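What follows is the content of my_file39.cif (mmCIF, C-alpha atoms (C1' of nucleotides)).
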data_data
#
loop_
_atom_site.group_PDB
_atom_site.id
_atom_site.type_symbol
_atom_site.label_atom_id
_atom_site.label_comp_id
_atom_site.auth_asym_id
_atom_site.auth_seq_id
_atom_site.Cartn_x
_atom_site.Cartn_y
_atom_site.Cartn_z
ATOM 1 C CA MET I 504 143.064 295.934 182.467
ATOM 2 C CA LYS I 505 142.666 292.798 184.544
ATOM 3 C CA ARG I 506 139.234 291.248 184.386
ATOM 4 C CA ASN I 507 137.434 289.072 186.866
ATOM 5 C CA THR I 508 136.169 285.880 185.359
ATOM 6 C CA TRP I 509 134.457 282.979 186.993
ATOM 7 C CA GLN I 510 137.372 280.855 185.815
ATOM 8 C CA ARG I 511 139.939 282.809 187.853
ATOM 9 C CA GLU I 512 137.554 282.738 190.748
ATOM 10 C CA ALA I 513 137.114 278.990 190.417
ATOM 11 C CA VAL I 514 140.841 278.331 190.325
ATOM 12 C CA THR I 515 141.424 280.520 193.365
ATOM 13 C CA THR I 516 138.657 278.784 195.281
ATOM 14 C CA ALA I 517 139.736 275.307 194.276
ATOM 15 C CA LEU I 518 143.323 275.990 195.241
ATOM 16 C CA ALA I 519 142.278 277.461 198.576
ATOM 17 C CA ALA I 520 140.287 274.307 199.278
ATOM 18 C CA GLN I 521 143.452 272.239 199.092
ATOM 19 C CA ASP I 522 145.936 272.228 201.910
ATOM 20 C CA ALA I 523 148.466 270.351 199.861
ATOM 21 C CA PHE I 524 150.647 271.334 196.946
ATOM 22 C CA VAL I 525 148.827 270.307 193.788
ATOM 23 C CA SER I 526 149.618 270.380 190.107
ATOM 24 C CA ALA I 527 147.782 272.368 187.465
ATOM 25 C CA GLN I 528 146.570 269.110 185.972
ATOM 26 C CA GLN I 529 145.195 267.888 189.284
ATOM 27 C CA LEU I 530 143.402 271.156 189.868
ATOM 28 C CA HIS I 531 142.003 270.995 186.370
ATOM 29 C CA SER I 532 140.615 267.518 187.068
ATOM 30 C CA VAL I 533 139.041 268.741 190.277
ATOM 31 C CA LEU I 534 137.401 271.665 188.509
ATOM 32 C CA ARG I 535 136.158 269.430 185.706
ATOM 33 C CA ALA I 536 134.777 266.979 188.242
ATOM 34 C CA GLU I 537 132.847 269.864 189.760
ATOM 35 C CA GLY I 538 131.106 270.256 186.449
ATOM 36 C CA THR I 539 132.878 273.345 185.215
ATOM 37 C CA GLY I 540 134.043 273.255 181.624
ATOM 38 C CA ILE I 541 137.191 275.194 182.397
ATOM 39 C CA GLY I 542 140.089 274.696 180.026
ATOM 40 C CA LEU I 543 143.471 273.351 181.001
ATOM 41 C CA ALA I 544 145.340 276.322 179.579
ATOM 42 C CA THR I 545 143.194 278.623 181.662
ATOM 43 C CA VAL I 546 144.115 276.787 184.838
ATOM 44 C CA TYR I 547 147.788 277.115 183.937
ATOM 45 C CA ARG I 548 147.363 280.815 183.263
ATOM 46 C CA ALA I 549 145.461 281.460 186.463
ATOM 47 C CA LEU I 550 148.018 279.606 188.575
ATOM 48 C CA ALA I 551 150.916 281.420 186.944
ATOM 49 C CA ASP I 552 149.196 284.733 187.662
ATOM 50 C CA MET I 553 148.630 283.776 191.266
ATOM 51 C CA ALA I 554 152.246 282.781 191.650
ATOM 52 C CA VAL I 555 153.657 286.034 190.290
ATOM 53 C CA GLY I 556 151.076 287.978 192.267
ATOM 54 C CA GLY I 557 152.178 286.302 195.468
ATOM 55 C CA ARG I 558 148.795 284.691 196.043
ATOM 56 C CA ALA I 559 150.231 281.214 195.575
ATOM 57 C CA ASP I 560 153.537 279.502 196.228
ATOM 58 C CA SER I 561 154.990 277.042 193.808
ATOM 59 C CA LEU I 562 157.632 274.381 193.836
ATOM 60 C CA GLN I 563 158.731 271.608 191.540
ATOM 61 C CA SER I 564 158.005 268.021 192.428
ATOM 62 C CA ALA I 565 160.757 265.438 192.177
ATOM 63 C CA GLU I 566 159.334 264.581 188.759
ATOM 64 C CA GLY I 567 159.670 268.171 187.632
ATOM 65 C CA GLU I 568 155.966 268.932 187.750
ATOM 66 C CA ALA I 569 155.049 272.399 189.017
ATOM 67 C CA LEU I 570 152.985 272.297 192.206
ATOM 68 C CA TYR I 571 150.993 275.136 193.697
ATOM 69 C CA ARG I 572 149.472 276.045 197.010
ATOM 70 C CA ALA I 573 147.500 279.055 198.139
ATOM 71 C CA CYS I 574 149.489 281.193 200.554
ATOM 72 C CA THR I 575 149.360 284.220 202.768
ATOM 73 C CA PRO I 576 150.061 287.071 200.358
ATOM 74 C CA GLY I 577 152.837 289.545 200.928
ATOM 75 C CA GLU I 578 154.366 287.667 203.803
ATOM 76 C CA HIS I 579 157.710 285.967 203.471
ATOM 77 C CA HIS I 580 157.386 282.397 204.594
ATOM 78 C CA HIS I 581 158.510 278.851 204.000
ATOM 79 C CA HIS I 582 156.834 275.476 204.014
ATOM 80 C CA LEU I 583 156.799 272.237 205.902
ATOM 81 C CA ILE I 584 155.666 269.625 203.423
ATOM 82 C CA CYS I 585 154.587 266.012 203.767
ATOM 83 C CA ARG I 586 156.676 263.872 201.490
ATOM 84 C CA SER I 587 153.919 261.357 200.906
ATOM 85 C CA CYS I 588 150.666 263.298 200.670
ATOM 86 C CA GLY I 589 151.863 266.778 199.729
ATOM 87 C CA GLN I 590 150.061 268.366 202.677
ATOM 88 C CA ALA I 591 151.846 271.568 203.591
ATOM 89 C CA GLU I 592 151.882 274.279 206.212
ATOM 90 C CA GLU I 593 153.514 277.642 206.287
ATOM 91 C CA ILE I 594 156.330 278.055 208.750
ATOM 92 C CA GLU I 595 158.260 281.007 210.075
ATOM 93 C CA ALA I 596 162.002 281.031 209.814
ATOM 94 C CA VAL I 597 163.178 284.187 211.460
ATOM 95 C CA GLU I 598 166.618 282.744 212.217
ATOM 96 C CA ILE I 599 167.097 281.779 208.603
ATOM 97 C CA GLU I 600 166.517 285.237 207.183
ATOM 98 C CA GLN I 601 169.496 286.688 208.981
ATOM 99 C CA TRP I 602 171.641 283.638 208.363
ATOM 100 C CA ALA I 603 170.997 283.773 204.610
ATOM 101 C CA LYS I 604 171.858 287.461 204.483
ATOM 102 C CA SER I 605 175.121 287.029 206.321
ATOM 103 C CA ILE I 606 176.288 283.962 204.429
ATOM 104 C CA ALA I 607 175.630 285.740 201.131
ATOM 105 C CA ALA I 608 177.464 288.829 202.336
ATOM 106 C CA SER I 609 180.447 286.828 203.549
ATOM 107 C CA HIS I 610 180.868 285.412 200.058
ATOM 108 C CA GLY I 611 180.388 288.758 198.371
ATOM 109 C CA TYR I 612 176.998 287.910 196.932
ATOM 110 C CA ALA I 613 174.577 290.787 196.482
ATOM 111 C CA LYS I 614 170.780 290.896 196.644
ATOM 112 C CA PRO I 615 170.354 287.639 198.523
ATOM 113 C CA GLU I 616 167.176 285.616 198.441
ATOM 114 C CA HIS I 617 166.640 282.160 199.748
ATOM 115 C CA VAL I 618 164.472 279.122 199.383
ATOM 116 C CA VAL I 619 163.840 276.751 202.249
ATOM 117 C CA TYR I 620 161.686 273.660 202.287
ATOM 118 C CA VAL I 621 161.395 271.188 205.102
ATOM 119 C CA PHE I 622 160.045 267.804 204.079
ATOM 120 C CA GLY I 623 158.809 265.116 206.400
ATOM 121 C CA GLU I 624 156.055 262.653 206.977
ATOM 122 C CA CYS I 625 152.948 264.304 208.378
ATOM 123 C CA PRO I 626 151.172 262.855 211.428
ATOM 124 C CA ALA I 627 148.385 261.374 209.313
ATOM 125 C CA CYS I 628 150.761 259.617 206.947
ATOM 126 C CA THR I 629 152.958 258.429 209.781
ATOM 127 C CA ALA I 630 149.887 256.917 211.440
ATOM 128 C CA ALA I 631 148.712 255.369 208.175
ATOM 129 C CA ALA I 632 152.100 253.768 207.627
ATOM 130 C CA LEU I 633 151.710 251.830 210.878
ATOM 131 C CA ILE I 634 148.547 250.037 209.850
ATOM 132 C CA MET K 851 178.070 244.951 188.128
ATOM 133 C CA LYS K 852 178.766 248.655 187.424
ATOM 134 C CA ARG K 853 181.201 249.238 184.602
ATOM 135 C CA ASN K 854 183.606 252.065 183.974
ATOM 136 C CA THR K 855 183.247 253.608 180.573
ATOM 137 C CA TRP K 856 184.980 256.593 179.084
ATOM 138 C CA GLN K 857 181.548 258.182 178.758
ATOM 139 C CA ARG K 858 180.902 258.165 182.510
ATOM 140 C CA GLU K 859 184.409 259.387 183.038
ATOM 141 C CA ALA K 860 183.933 262.181 180.521
ATOM 142 C CA VAL K 861 180.699 263.343 182.126
ATOM 143 C CA THR K 862 182.263 263.302 185.588
ATOM 144 C CA THR K 863 185.256 265.268 184.381
ATOM 145 C CA ALA K 864 183.213 267.764 182.406
ATOM 146 C CA LEU K 865 180.906 268.377 185.350
ATOM 147 C CA ALA K 866 183.846 268.800 187.728
ATOM 148 C CA ALA K 867 185.296 271.393 185.377
ATOM 149 C CA GLN K 868 182.231 273.574 185.836
ATOM 150 C CA ASP K 869 181.727 275.553 188.976
ATOM 151 C CA ALA K 870 178.201 276.447 188.025
ATOM 152 C CA PHE K 871 175.005 274.458 187.870
ATOM 153 C CA VAL K 872 174.601 273.254 184.289
ATOM 154 C CA SER K 873 171.945 271.336 182.411
ATOM 155 C CA ALA K 874 172.381 267.943 180.798
ATOM 156 C CA GLN K 875 171.989 269.575 177.424
ATOM 157 C CA GLN K 876 174.697 272.133 178.118
ATOM 158 C CA LEU K 877 177.082 269.441 179.305
ATOM 159 C CA HIS K 878 176.278 267.422 176.215
ATOM 160 C CA SER K 879 177.191 270.391 174.039
ATOM 161 C CA VAL K 880 180.455 270.848 175.895
ATOM 162 C CA LEU K 881 181.345 267.194 175.467
ATOM 163 C CA ARG K 882 180.459 267.277 171.794
ATOM 164 C CA ALA K 883 182.534 270.404 171.346
ATOM 165 C CA GLU K 884 185.461 268.503 172.842
ATOM 166 C CA GLY K 885 185.151 266.079 169.989
ATOM 167 C CA THR K 886 183.578 263.181 171.848
ATOM 168 C CA GLY K 887 180.654 261.519 170.123
ATOM 169 C CA ILE K 888 178.829 260.923 173.371
ATOM 170 C CA GLY K 889 175.073 260.563 173.159
ATOM 171 C CA LEU K 890 172.580 262.836 174.863
ATOM 172 C CA ALA K 891 170.807 259.977 176.597
ATOM 173 C CA THR K 892 174.116 258.824 178.017
ATOM 174 C CA VAL K 893 174.761 262.228 179.547
ATOM 175 C CA TYR K 894 171.309 262.151 181.127
ATOM 176 C CA ARG K 895 171.944 258.664 182.486
ATOM 177 C CA ALA K 896 175.372 259.522 183.855
ATOM 178 C CA LEU K 897 174.091 262.642 185.588
ATOM 179 C CA ALA K 898 171.147 260.794 187.087
ATOM 180 C CA ASP K 899 173.513 258.161 188.431
ATOM 181 C CA MET K 900 175.785 260.777 189.924
ATOM 182 C CA ALA K 901 172.834 262.475 191.556
ATOM 183 C CA VAL K 902 171.517 259.325 193.221
ATOM 184 C CA GLY K 903 175.042 258.332 194.148
ATOM 185 C CA GLY K 904 175.599 261.645 195.891
ATOM 186 C CA ARG K 905 178.391 262.674 193.550
ATOM 187 C CA ALA K 906 176.330 265.512 192.136
ATOM 188 C CA ASP K 907 173.675 267.874 193.417
ATOM 189 C CA SER K 908 170.729 268.848 191.316
ATOM 190 C CA LEU K 909 168.101 271.531 191.301
ATOM 191 C CA GLN K 910 165.455 272.742 188.929
ATOM 192 C CA SER K 911 165.893 276.028 187.155
ATOM 193 C CA ALA K 912 163.041 278.515 187.085
ATOM 194 C CA GLU K 913 162.188 277.109 183.658
ATOM 195 C CA GLY K 914 161.952 273.601 185.067
ATOM 196 C CA GLU K 915 165.198 272.382 183.554
ATOM 197 C CA ALA K 916 167.276 270.062 185.739
ATOM 198 C CA LEU K 917 170.663 271.505 186.613
ATOM 199 C CA TYR K 918 173.618 269.610 188.038
ATOM 200 C CA ARG K 919 176.810 270.409 189.828
ATOM 201 C CA ALA K 920 179.592 268.190 191.128
ATOM 202 C CA CYS K 921 179.648 268.101 194.910
ATOM 203 C CA THR K 922 181.519 266.806 197.905
ATOM 204 C CA PRO K 923 180.133 263.284 198.293
ATOM 205 C CA GLY K 924 178.635 262.053 201.512
ATOM 206 C CA GLU K 925 178.612 265.427 203.135
ATOM 207 C CA HIS K 926 175.374 267.256 203.837
ATOM 208 C CA HIS K 927 175.641 270.747 202.428
ATOM 209 C CA HIS K 928 173.759 273.524 200.719
ATOM 210 C CA HIS K 929 174.518 276.004 197.988
ATOM 211 C CA LEU K 930 174.991 279.663 197.420
ATOM 212 C CA ILE K 931 174.101 280.248 193.800
ATOM 213 C CA CYS K 932 174.529 283.190 191.473
ATOM 214 C CA ARG K 933 171.202 284.111 189.989
ATOM 215 C CA SER K 934 172.691 285.336 186.733
ATOM 216 C CA CYS K 935 175.578 283.019 185.884
ATOM 217 C CA GLY K 936 174.719 279.874 187.812
ATOM 218 C CA GLN K 937 178.056 279.860 189.604
ATOM 219 C CA ALA K 938 177.666 278.057 192.894
ATOM 220 C CA GLU K 939 179.571 277.269 196.052
ATOM 221 C CA GLU K 940 178.873 274.843 198.805
ATOM 222 C CA ILE K 941 177.982 276.350 202.133
ATOM 223 C CA GLU K 942 177.656 275.020 205.629
ATOM 224 C CA ALA K 943 174.445 275.520 207.502
ATOM 225 C CA VAL K 944 174.929 274.056 210.925
ATOM 226 C CA GLU K 945 172.270 276.272 212.498
ATOM 227 C CA ILE K 946 169.730 275.181 209.911
ATOM 228 C CA GLU K 947 170.073 271.475 210.555
ATOM 229 C CA GLN K 948 168.858 271.804 214.113
ATOM 230 C CA TRP K 949 166.212 274.341 213.232
ATOM 231 C CA ALA K 950 164.732 272.071 210.549
ATOM 232 C CA LYS K 951 164.612 269.143 212.932
ATOM 233 C CA SER K 952 162.867 271.081 215.649
ATOM 234 C CA ILE K 953 160.323 272.761 213.414
ATOM 235 C CA ALA K 954 159.388 269.392 211.929
ATOM 236 C CA ALA K 955 159.110 267.845 215.361
ATOM 237 C CA SER K 956 156.956 270.673 216.671
ATOM 238 C CA HIS K 957 154.460 270.003 213.893
ATOM 239 C CA GLY K 958 154.548 266.252 214.380
ATOM 240 C CA TYR K 959 156.389 265.562 211.150
ATOM 241 C CA ALA K 960 158.647 262.506 211.114
ATOM 242 C CA LYS K 961 161.869 261.854 209.195
ATOM 243 C CA PRO K 962 162.646 265.460 208.409
ATOM 244 C CA GLU K 963 164.855 266.511 205.542
ATOM 245 C CA HIS K 964 165.383 269.963 204.192
ATOM 246 C CA VAL K 965 166.403 271.872 201.146
ATOM 247 C CA VAL K 966 168.044 275.261 201.354
ATOM 248 C CA TYR K 967 169.261 277.432 198.526
ATOM 249 C CA VAL K 968 170.594 280.931 198.841
ATOM 250 C CA PHE K 969 170.544 282.898 195.615
ATOM 251 C CA GLY K 970 172.321 286.134 194.957
ATOM 252 C CA GLU K 971 174.486 287.956 192.499
ATOM 253 C CA CYS K 972 178.088 286.797 192.613
ATOM 254 C CA PRO K 973 180.939 289.314 192.814
ATOM 255 C CA ALA K 974 181.817 288.856 189.138
ATOM 256 C CA CYS K 975 178.253 289.449 187.958
ATOM 257 C CA THR K 976 177.804 292.379 190.309
ATOM 258 C CA ALA K 977 180.943 293.950 188.889
ATOM 259 C CA ALA K 978 179.874 293.223 185.319
ATOM 260 C CA ALA K 979 176.507 294.892 185.941
ATOM 261 C CA LEU K 980 178.256 298.170 186.760
ATOM 262 C CA ILE K 981 179.991 298.489 183.417
ATOM 263 C "C1'" DG U 1283 195.354 237.046 175.376
ATOM 264 C "C1'" DA U 1284 190.776 235.124 174.128
ATOM 265 C "C1'" DT U 1285 185.918 234.475 175.454
ATOM 266 C "C1'" DG U 1286 181.409 235.192 176.924
ATOM 267 C "C1'" DA U 1287 177.737 237.193 179.829
ATOM 268 C "C1'" DT U 1288 175.705 241.311 180.367
ATOM 269 C "C1'" DG U 1289 175.949 246.221 181.602
ATOM 270 C "C1'" DT U 1290 176.196 250.348 178.516
ATOM 271 C "C1'" DT U 1291 175.705 253.123 174.613
ATOM 272 C "C1'" DG U 1292 173.460 255.967 171.048
ATOM 273 C "C1'" DA U 1293 170.106 257.028 167.540
ATOM 274 C "C1'" DC U 1294 165.596 257.805 167.521
ATOM 275 C "C1'" DA U 1295 160.839 257.350 168.920
ATOM 276 C "C1'" DA U 1296 157.694 258.287 172.582
ATOM 277 C "C1'" DT U 1297 156.009 260.820 176.552
ATOM 278 C "C1'" DC U 1298 154.153 264.489 178.850
ATOM 279 C "C1'" DA U 1299 153.971 268.925 181.167
ATOM 280 C "C1'" DT U 1300 153.682 273.395 179.610
ATOM 281 C "C1'" DT U 1301 153.193 277.130 176.193
ATOM 282 C "C1'" DA U 1302 151.713 279.297 171.822
ATOM 283 C "C1'" DT U 1303 148.097 280.129 168.505
ATOM 284 C "C1'" DC U 1304 143.962 282.143 167.255
ATOM 285 C "C1'" DA U 1305 139.092 282.397 166.498
ATOM 286 C "C1'" DT U 1306 135.417 283.147 169.757
ATOM 287 C "C1'" DT U 1307 133.504 284.904 174.020
ATOM 288 C "C1'" DA U 1308 132.471 288.092 177.556
ATOM 289 C "C1'" DA U 1309 134.110 291.671 181.250
ATOM 290 C "C1'" DG U 1310 133.451 296.370 182.139
ATOM 291 C "C1'" DA U 1311 134.055 301.277 180.711
ATOM 292 C "C1'" DA U 1312 131.531 304.501 178.231
ATOM 293 C "C1'" DT G 580 123.306 298.697 175.142
ATOM 294 C "C1'" DT G 581 127.624 299.147 172.736
ATOM 295 C "C1'" DC G 582 132.315 298.653 171.992
ATOM 296 C "C1'" DT G 583 137.077 297.673 173.136
ATOM 297 C "C1'" DT G 584 139.979 294.179 174.179
ATOM 298 C "C1'" DA G 585 141.360 290.910 177.874
ATOM 299 C "C1'" DA G 586 140.327 286.159 178.643
ATOM 300 C "C1'" DT G 587 139.046 281.668 177.262
ATOM 301 C "C1'" DG G 588 139.496 277.013 175.283
ATOM 302 C "C1'" DA G 589 140.408 273.657 171.676
ATOM 303 C "C1'" DT G 590 144.298 272.247 169.705
ATOM 304 C "C1'" DA G 591 148.892 272.370 167.817
ATOM 305 C "C1'" DA G 592 153.593 273.085 168.988
ATOM 306 C "C1'" DT G 593 157.525 272.918 171.995
ATOM 307 C "C1'" DG G 594 161.098 270.930 174.458
ATOM 308 C "C1'" DA G 595 163.169 268.448 178.168
ATOM 309 C "C1'" DT G 596 163.451 263.880 179.570
ATOM 310 C "C1'" DT G 597 162.760 258.885 179.211
ATOM 311 C "C1'" DG G 598 161.989 254.377 176.796
ATOM 312 C "C1'" DT G 599 163.455 251.138 173.212
ATOM 313 C "C1'" DC G 600 166.564 248.040 171.288
ATOM 314 C "C1'" DA G 601 170.234 246.526 168.305
ATOM 315 C "C1'" DA G 602 175.151 247.040 168.421
ATOM 316 C "C1'" DC G 603 179.007 247.521 171.379
ATOM 317 C "C1'" DA G 604 182.448 247.201 175.057
ATOM 318 C "C1'" DT G 605 183.785 246.006 179.909
ATOM 319 C "C1'" DC G 606 185.695 242.728 182.845
ATOM 320 C "C1'" DA G 607 185.509 238.311 185.331
ATOM 321 C "C1'" DT G 608 186.928 234.062 183.905
ATOM 322 C "C1'" DC G 609 189.182 230.679 181.111
#
Using the file provided, produce a representation of the structure as structure tokens.
Amino acid sequence: MKRNTWQREAVTTALAAQDAFVSAQQLHSVLRAEGTGIGLATVYRALADMAVGGRADSLQSAEGEALYRACTPGEHHHHLICRSCGQAEEIEAVEIEQWAKSIAASHGYAKPEHVVYVFGECPACTAAALI
Amino acid sequence: MKRNTWQREAVTTALAAQDAFVSAQQLHSVLRAEGTGIGLATVYRALADMAVGGRADSLQSAEGEALYRACTPGEHHHHLICRSCGQAEEIEAVEIEQWAKSIAASHGYAKPEHVVYVFGECPACTAAALI
DNA sequence: GATGATGTTGACAATCATTATCATTAAGAA
DNA sequence: TTCTTAATGATAATGATTGTCAACATCATC
């Protein structure tokens, strides 16, 4: 059965402390900097588990790197992401749900799912760009 | 200046012949099978050029592989993609455009862009699954 | 049509994120 | 405390993608 290790705990905590999408490598650096001797493979495993368990959302950066962010479990949601700092917030998209269903149906596609990301420049980055 | 080579031409043609999202490696195999001696790096370069030039759309597969598909240039559009065969069609999402803009604005995010993918099982695959 | 500058190609090496391996460690049930 | 076995971590392996660079081919110009 599943076991609780301080490593899983540490990854969960470290990810929750971020409000941006971060890579496994970044999180590993953070955890190492905190003095833990956690292994890189373990961070990858923990993040993958969180993603399949719905405790984290993931997306691919433009460079193809996998990025993760802690999320509200069990709830269908999307993200508004800052293009420059990675900061992200969950957003609701009630209108989209229905739209996706109907567009899939109108083309004869079954079992529709959808992915929506809105990118932009967050207030902090917009302000910083003006300096 | 940009030059026209049979390699670029071949990649463009081969991609246009597909109505599914395909990887650079797959396209390379197809081109090799056609008897051309085109190099893998060249296929990657051609696809990257098409993507930045708006002549192709790209997305990352679940495995992190980059997939490409020829698209209508200059026109903002999204895709309805078959989860099992990769087959894809362009879809309009007028409602989404406005929604994305307003949700970004309401959170103070500037220069909004958005990405929308609807996945499903295409009619052909749905039919095949019943056999 | 020939020429020359230079953008392009292709074989192969290099990169780098991610995964597999496997001996060792440590949860947690008994 | 003991034992079963899931989890860890160091490291090797994988595999897609990119960099390198000599050889080549396009196309403006002669």
I'd like the box whose edges run along x, y and z of the file and which contains every listed atom of stretch 590-603 of chain G, padded by 3 Å per side; could you state its centre and edge lengths in Å, one decimal, as AutoDock Vina command-line options?
--center_x 161.7 --center_y 259.8 --center_z 173.7 --size_x 40.7 --size_y 32.6 --size_z 17.8
Carefully work through the PyMOL selection byres ((chain U) within 12 of (chain I)) for this structure and note down the residues it includes, as a VMD selection string. chain U and resid 1298 to 1302 1307 to 1311
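Closest approach to chain K among G:DA591, G:DA607, G:DC582, G:DA602 is made by G:DA607 (distances from all atoms listed in the file).
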Please, which residues of chain G lie no more than 8 Å from chain I when the count uses all atoms listed in the file, and can they be set out as a list in words? DA585, DA586, DT587 and DG588 of chain G
Output the contact residues of chain I with respect to chain K at a cut-off of 9 Å, based on all atoms listed in the file, as an MDAnalysis selection string. chainID I and resid 563 567:569 583:585 594 596 598:599 602:604 606:607 610:626 629
Missing atoms in stretch 911-923 of chain K should be modelled up to N, CA and C atoms and reported as a compact mmCIF listing (two decimals), keeping the file's coordinate frame.
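For reference, rebuild-v9.txt as written:
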# COMPACT_ATOMS: atom_id res chain seq x y z
N SER K 911 165.84 274.61 187.47
CA SER K 911 165.89 276.03 187.16
C SER K 911 164.47 276.57 187.17
N ALA K 912 164.36 277.88 187.08
CA ALA K 912 163.04 278.52 187.08
C ALA K 912 162.22 278.00 185.91
N GLU K 913 162.89 277.61 184.85
CA GLU K 913 162.19 277.11 183.66
C GLU K 913 161.89 275.61 183.76
N GLY K 914 162.25 275.01 184.88
CA GLY K 914 161.95 273.60 185.07
C GLY K 914 163.01 272.65 184.54
N GLU K 915 164.11 273.22 184.06
CA GLU K 915 165.20 272.38 183.55
C GLU K 915 166.00 271.86 184.74
N ALA K 916 166.46 270.61 184.66
CA ALA K 916 167.28 270.06 185.74
C ALA K 916 168.72 270.50 185.58
N LEU K 917 169.28 271.03 186.65
CA LEU K 917 170.66 271.50 186.61
C LEU K 917 171.50 270.68 187.58
N TYR K 918 172.74 270.42 187.20
CA TYR K 918 173.62 269.61 188.04
C TYR K 918 174.92 270.31 188.35
N ARG K 919 175.50 269.90 189.46
CA ARG K 919 176.81 270.41 189.83
C ARG K 919 177.52 269.33 190.64
N ALA K 920 178.81 269.17 190.37
CA ALA K 920 179.59 268.19 191.13
C ALA K 920 179.60 268.64 192.58
N CYS K 921 179.63 267.71 193.51
CA CYS K 921 179.65 268.10 194.91
C CYS K 921 180.50 267.16 195.74
N THR K 922 180.78 267.62 196.96
CA THR K 922 181.52 266.81 197.90
C THR K 922 180.62 265.66 198.33
N PRO K 923 181.00 264.43 198.01
CA PRO K 923 180.13 263.28 198.29
C PRO K 923 179.99 263.01 199.79
